[in-house]
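Scroll down for the structure; my scribbles are underneath it.
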Amino acid sequence: MSRRSLTTLLAAGGAAAVMALLPTSAQAQAFSGGNYGLYGMEGQYPTTSFCTGTFRQIGPTQYAEGMALKYFYSDKCGSFARIENSRPGCAAVLQRSNNGTGRNDGWVSETVDSGINYAYTQIGNNLNGRVSRALLSCDGHDLVNTAWY
């Protein structure tokens with residue numbers, strides 16, 4: 001084996017070793033439907049600096065199969081859903097109604113990231129007479145939801 005081939009082989013092996021040590025990319029992904037995104041703040045996460053510290057949990061925590069569903073609201077930004085102690089294949093879902101009737105006009109969901117057991121959605125704008133609710137959905141089935149707020 002030539003010296004150049006050995007150097008190339010060692011460099012390739014070193015690069016592969018470094019790549020094996022790096023964490024894999026996130027598996028979580030936001031999905032949305034209906035007319036989600038129509039109102040201000042929708043598409044933003046609750047961690048955006050404008051909203052930081054303004055959310056409070058509304059209503060009791062809901063449980064299904066040992067997993068927790070929480071609904072958070074800010075009169076400045078809107079609302080979001082969070083699930084905790086979740087298994088893979090589950091998603092936090094926020095449904096939003098345009099006119100306060102509790103009809104799902106827009107929704108956003110976030111799947112559980114590989115290696116963690118929680119997820120939270122982007123913000124739904126349920127200000128100015130609109131309402132929203134949180135759902136815990138696993139493998140395409142809604143397990144539990146909050147009331148419309």
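In the structure tokens, chains take letters A, B, ... by order of appearance, with residues numbered from 1 within each chain and ligands from 1 in the order shown.
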
Sel. of strand (DSSP E) residues, region 23-110 of chain A, as an mmCIF file with N, CA, C and O atoms, in the first residue's frame:
```
data_model
loop_
_atom_site.group_PDB
_atom_site.id
_atom_site.type_symbol
_atom_site.label_atom_id
_atom_site.label_comp_id
_atom_site.auth_asym_id
_atom_site.auth_seq_id
_atom_site.Cartn_x
_atom_site.Cartn_y
_atom_site.Cartn_z
ATOM 1 N N ALA A 30 -42.511 20.093 12.972
ATOM 2 C CA ALA A 30 -43.802 20.753 13.093
ATOM 3 C C ALA A 30 -44.617 20.499 11.834
ATOM 4 O O ALA A 30 -44.093 20.522 10.725
ATOM 5 N N PHE A 31 -45.892 20.214 12.033
ATOM 6 C CA PHE A 31 -46.846 20.076 10.936
ATOM 7 C C PHE A 31 -47.985 21.030 11.223
ATOM 8 O O PHE A 31 -48.270 21.337 12.382
ATOM 9 N N SER A 32 -48.680 21.484 10.205
ATOM 10 C CA SER A 32 -49.834 22.357 10.429
ATOM 11 C C SER A 32 -50.839 22.154 9.309
ATOM 12 O O SER A 32 -50.528 21.580 8.265
ATOM 13 N N GLY A 33 -52.058 22.637 9.559
ATOM 14 C CA GLY A 33 -53.096 22.490 8.558
ATOM 15 C C GLY A 33 -54.219 23.481 8.777
ATOM 16 O O GLY A 33 -54.179 24.307 9.691
ATOM 17 N N GLY A 34 -55.228 23.371 7.927
ATOM 18 C CA GLY A 34 -56.323 24.347 7.972
ATOM 19 C C GLY A 34 -55.763 25.705 7.625
ATOM 20 O O GLY A 34 -54.904 25.825 6.753
ATOM 21 N N ARG A 56 -48.729 31.043 31.021
ATOM 22 C CA ARG A 56 -49.098 30.361 32.263
ATOM 23 C C ARG A 56 -49.972 29.173 31.903
ATOM 24 O O ARG A 56 -50.697 29.210 30.899
ATOM 25 N N GLN A 57 -49.886 28.126 32.703
ATOM 26 C CA GLN A 57 -50.714 26.954 32.437
ATOM 27 C C GLN A 57 -52.158 27.269 32.785
ATOM 28 O O GLN A 57 -52.459 27.835 33.831
ATOM 29 N N GLN A 62 -53.815 17.035 31.854
ATOM 30 C CA GLN A 62 -54.574 15.846 31.456
ATOM 31 C C GLN A 62 -53.592 14.688 31.283
ATOM 32 O O GLN A 62 -52.470 14.900 30.829
ATOM 33 N N TYR A 63 -54.027 13.466 31.616
ATOM 34 C CA TYR A 63 -53.139 12.307 31.540
ATOM 35 C C TYR A 63 -53.752 11.209 30.685
ATOM 36 O O TYR A 63 -54.966 11.012 30.687
ATOM 37 N N ALA A 64 -52.883 10.502 29.972
ATOM 38 C CA ALA A 64 -53.269 9.309 29.206
ATOM 39 C C ALA A 64 -52.057 8.399 29.140
ATOM 40 O O ALA A 64 -50.962 8.841 28.766
ATOM 41 N N MET A 67 -48.737 9.619 30.235
ATOM 42 C CA MET A 67 -48.212 10.810 29.571
ATOM 43 C C MET A 67 -49.036 12.015 29.996
ATOM 44 O O MET A 67 -50.224 11.885 30.294
ATOM 45 N N ALA A 68 -48.420 13.186 30.030
ATOM 46 C CA ALA A 68 -49.078 14.407 30.475
ATOM 47 C C ALA A 68 -49.283 15.378 29.311
ATOM 48 O O ALA A 68 -48.412 15.524 28.455
ATOM 49 N N LEU A 69 -50.436 16.036 29.319
ATOM 50 C CA LEU A 69 -50.770 17.074 28.339
ATOM 51 C C LEU A 69 -51.049 18.356 29.103
ATOM 52 O O LEU A 69 -51.852 18.361 30.036
ATOM 53 N N LYS A 70 -50.385 19.446 28.699
ATOM 54 C CA LYS A 70 -50.568 20.744 29.342
ATOM 55 C C LYS A 70 -50.884 21.796 28.283
ATOM 56 O O LYS A 70 -50.386 21.736 27.162
ATOM 57 N N TYR A 71 -51.696 22.767 28.688
ATOM 58 C CA TYR A 71 -52.100 23.871 27.819
ATOM 59 C C TYR A 71 -51.618 25.173 28.451
ATOM 60 O O TYR A 71 -51.873 25.420 29.632
ATOM 61 N N PHE A 72 -50.905 25.991 27.668
ATOM 62 C CA PHE A 72 -50.371 27.257 28.165
ATOM 63 C C PHE A 72 -50.944 28.412 27.357
ATOM 64 O O PHE A 72 -51.140 28.306 26.140
ATOM 65 N N TYR A 73 -51.177 29.534 28.053
ATOM 66 C CA TYR A 73 -51.786 30.709 27.425
ATOM 67 C C TYR A 73 -51.055 31.979 27.839
ATOM 68 O O TYR A 73 -50.603 32.118 28.975
ATOM 69 N N SER A 74 -50.973 32.910 26.910
ATOM 70 C CA SER A 74 -50.443 34.246 27.153
ATOM 71 C C SER A 74 -51.399 35.240 26.518
ATOM 72 O O SER A 74 -51.721 35.106 25.335
ATOM 73 N N GLY A 78 -50.790 34.278 22.716
ATOM 74 C CA GLY A 78 -51.656 33.178 22.290
ATOM 75 C C GLY A 78 -51.431 31.963 23.174
ATOM 76 O O GLY A 78 -51.269 32.098 24.383
ATOM 77 N N SER A 79 -51.394 30.775 22.575
ATOM 78 C CA SER A 79 -51.309 29.556 23.363
ATOM 79 C C SER A 79 -50.415 28.521 22.682
ATOM 80 O O SER A 79 -50.094 28.630 21.503
ATOM 81 N N PHE A 80 -50.047 27.497 23.466
ATOM 82 C CA PHE A 80 -49.338 26.356 22.914
ATOM 83 C C PHE A 80 -49.628 25.124 23.757
ATOM 84 O O PHE A 80 -50.093 25.228 24.894
ATOM 85 N N ALA A 81 -49.385 23.947 23.184
ATOM 86 C CA ALA A 81 -49.582 22.667 23.857
ATOM 87 C C ALA A 81 -48.223 22.057 24.156
ATOM 88 O O ALA A 81 -47.280 22.218 23.379
ATOM 89 N N ARG A 82 -48.144 21.331 25.274
ATOM 90 C CA ARG A 82 -46.915 20.630 25.651
ATOM 91 C C ARG A 82 -47.284 19.243 26.162
ATOM 92 O O ARG A 82 -48.245 19.092 26.911
ATOM 93 N N ILE A 83 -46.516 18.232 25.732
ATOM 94 C CA ILE A 83 -46.669 16.885 26.269
ATOM 95 C C ILE A 83 -45.377 16.502 26.974
ATOM 96 O O ILE A 83 -44.288 16.926 26.572
ATOM 97 N N GLU A 84 -45.517 15.707 28.038
ATOM 98 C CA GLU A 84 -44.373 15.274 28.834
ATOM 99 C C GLU A 84 -44.484 13.788 29.120
ATOM 100 O O GLU A 84 -45.585 13.234 29.114
ATOM 101 N N CYS A 90 -45.734 9.954 19.347
ATOM 102 C CA CYS A 90 -46.749 10.865 19.883
ATOM 103 C C CYS A 90 -46.450 12.301 19.453
ATOM 104 O O CYS A 90 -45.329 12.629 19.078
ATOM 105 N N ALA A 91 -47.479 13.134 19.536
ATOM 106 C CA ALA A 91 -47.338 14.536 19.158
ATOM 107 C C ALA A 91 -48.200 15.415 20.050
ATOM 108 O O ALA A 91 -49.282 15.015 20.476
ATOM 109 N N ALA A 92 -47.689 16.603 20.325
ATOM 110 C CA ALA A 92 -48.474 17.665 20.949
ATOM 111 C C ALA A 92 -49.197 18.374 19.810
ATOM 112 O O ALA A 92 -48.596 18.664 18.773
ATOM 113 N N VAL A 93 -50.483 18.631 19.996
ATOM 114 C CA VAL A 93 -51.289 19.275 18.958
ATOM 115 C C VAL A 93 -52.027 20.456 19.562
ATOM 116 O O VAL A 93 -52.543 20.360 20.679
ATOM 117 N N LEU A 94 -52.078 21.562 18.846
ATOM 118 C CA LEU A 94 -52.878 22.711 19.241
ATOM 119 C C LEU A 94 -53.873 22.979 18.128
ATOM 120 O O LEU A 94 -53.476 23.150 16.975
ATOM 121 N N GLN A 95 -55.154 22.976 18.466
ATOM 122 C CA GLN A 95 -56.202 23.315 17.502
ATOM 123 C C GLN A 95 -56.709 24.714 17.818
ATOM 124 O O GLN A 95 -56.857 25.070 18.985
ATOM 125 N N ARG A 96 -56.982 25.506 16.773
ATOM 126 C CA ARG A 96 -57.457 26.870 16.940
ATOM 127 C C ARG A 96 -58.755 27.069 16.177
ATOM 128 O O ARG A 96 -58.908 26.596 15.064
ATOM 129 N N SER A 97 -59.694 27.762 16.799
ATOM 130 C CA SER A 97 -60.977 28.094 16.176
ATOM 131 C C SER A 97 -60.995 29.587 15.873
ATOM 132 O O SER A 97 -60.610 30.400 16.708
ATOM 133 N N GLY A 106 -57.802 25.694 12.333
ATOM 134 C CA GLY A 106 -56.374 25.610 12.064
ATOM 135 C C GLY A 106 -55.703 24.820 13.169
ATOM 136 O O GLY A 106 -56.191 24.797 14.299
ATOM 137 N N TRP A 107 -54.605 24.157 12.836
ATOM 138 C CA TRP A 107 -53.916 23.344 13.845
ATOM 139 C C TRP A 107 -52.430 23.288 13.555
ATOM 140 O O TRP A 107 -51.988 23.499 12.415
ATOM 141 N N VAL A 108 -51.675 23.006 14.608
ATOM 142 C CA VAL A 108 -50.237 22.802 14.499
ATOM 143 C C VAL A 108 -49.860 21.679 15.454
ATOM 144 O O VAL A 108 -50.467 21.525 16.511
ATOM 145 N N SER A 109 -48.893 20.853 15.058
ATOM 146 C CA SER A 109 -48.447 19.752 15.912
ATOM 147 C C SER A 109 -46.933 19.673 15.899
ATOM 148 O O SER A 109 -46.274 20.186 14.989
ATOM 149 N N GLU A 110 -46.410 19.018 16.921
ATOM 150 C CA GLU A 110 -44.967 18.813 17.037
ATOM 151 C C GLU A 110 -44.749 17.402 17.561
ATOM 152 O O GLU A 110 -45.314 17.017 18.576
#
```

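Shortest atom-to-atom contact with Asp75 (chain A) among A:Thr111, A:Thr48, A:Asn104, A:Asn125: A:Asn125, counting only C-alpha atoms.
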
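Of the residues listed (A:Cys77, A:Ala147, A:Leu135, A:Val112), A:Cys77 shows the shortest atom-to-atom separation from Thr52 (chain A); distances use only C-alpha atoms.
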
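Here CA of Ser49 (chain A) and CA of Asp113 (chain A) stand 22.8 Å from one another.
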
Discussion item. Here is a test: counting only C-alpha atoms, which residue of A:Asn128, A:Asn117, A:Glu42, A:Gly53 is nearest to Gly66 (chain A)?
Written reply: A:Asn117

Discussion item. Residues near Gln122 (chain A), anyone? I mean within 6 Å using only C-alpha atoms, not counting same-chain ones fewer than 3 positions away, as a ChimeraX atom specification.
Written reply: /A:43-45

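Every residue of region 17-148 of chain A found in alpha helix (DSSP H) when DSSP is run on the backbone appears here: Ala17, Val18, Met19, Ala20 and Leu21 of chain A.
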
Next, the residues of the selection above should be written as a PDB file, in the first residue's frame with all heavy atoms.
```pdb
ATOM      1  N   ALA A  17     -15.040   8.350  12.306  1.00  0.00           N
ATOM      2  CA  ALA A  17     -15.094   8.250  13.769  1.00  0.00           C
ATOM      3  C   ALA A  17     -15.684   9.518  14.375  1.00  0.00           C
ATOM      4  O   ALA A  17     -16.501   9.465  15.290  1.00  0.00           O
ATOM      5  CB  ALA A  17     -13.703   7.979  14.329  1.00  0.00           C
ATOM      6  N   VAL A  18     -15.276  10.680  13.871  1.00  0.00           N
ATOM      7  CA  VAL A  18     -15.823  11.942  14.355  1.00  0.00           C
ATOM      8  C   VAL A  18     -17.314  12.023  14.065  1.00  0.00           C
ATOM      9  O   VAL A  18     -18.105  12.411  14.922  1.00  0.00           O
ATOM     10  CB  VAL A  18     -15.072  13.143  13.739  1.00  0.00           C
ATOM     11  CG1 VAL A  18     -15.797  14.444  14.013  1.00  0.00           C
ATOM     12  CG2 VAL A  18     -13.647  13.193  14.267  1.00  0.00           C
ATOM     13  N   MET A  19     -17.728  11.642  12.879  1.00  0.00           N
ATOM     14  CA  MET A  19     -19.145  11.676  12.512  1.00  0.00           C
ATOM     15  C   MET A  19     -19.957  10.748  13.410  1.00  0.00           C
ATOM     16  O   MET A  19     -21.086  11.058  13.773  1.00  0.00           O
ATOM     17  CB  MET A  19     -19.340  11.293  11.045  1.00  0.00           C
ATOM     18  CG  MET A  19     -18.789  12.313  10.073  1.00  0.00           C
ATOM     19  SD  MET A  19     -19.521  13.946  10.266  1.00  0.00           S
ATOM     20  CE  MET A  19     -21.131  13.628   9.604  1.00  0.00           C
ATOM     21  N   ALA A  20     -19.405   9.612  13.799  1.00  0.00           N
ATOM     22  CA  ALA A  20     -20.120   8.670  14.661  1.00  0.00           C
ATOM     23  C   ALA A  20     -20.333   9.252  16.052  1.00  0.00           C
ATOM     24  O   ALA A  20     -21.293   8.899  16.730  1.00  0.00           O
ATOM     25  CB  ALA A  20     -19.349   7.356  14.746  1.00  0.00           C
ATOM     26  N   LEU A  21     -19.471  10.162  16.488  1.00  0.00           N
ATOM     27  CA  LEU A  21     -19.594  10.754  17.808  1.00  0.00           C
ATOM     28  C   LEU A  21     -20.576  11.911  17.851  1.00  0.00           C
ATOM     29  O   LEU A  21     -21.067  12.269  18.915  1.00  0.00           O
ATOM     30  CB  LEU A  21     -18.226  11.231  18.300  1.00  0.00           C
ATOM     31  CG  LEU A  21     -17.194  10.134  18.538  1.00  0.00           C
ATOM     32  CD1 LEU A  21     -15.850  10.764  18.892  1.00  0.00           C
ATOM     33  CD2 LEU A  21     -17.655   9.182  19.629  1.00  0.00           C
TER      34      LEU A  21
END
```

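For the choices A:Pro88, A:Gly124, A:Thr61, A:Ser137, the atom-to-atom distance to Pro46 (chain A) is smallest for A:Gly124 when using only C-alpha atoms.
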
Practice prompt. Using only C-alpha atoms, pick whichever of A:Thr47, A:Leu38, A:Gly140, A:Arg87 has the shortest atom-to-atom distance to Glu65 (chain A).
Written response: A:Arg87

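One finds CA of Tyr118 (chain A) at 5.7 Å from CA of Ser86 (chain A).
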
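The gap separating CA of Gly115 (chain A) from CA of Gly59 (chain A) is 28.5 Å, in Å to one decimal.
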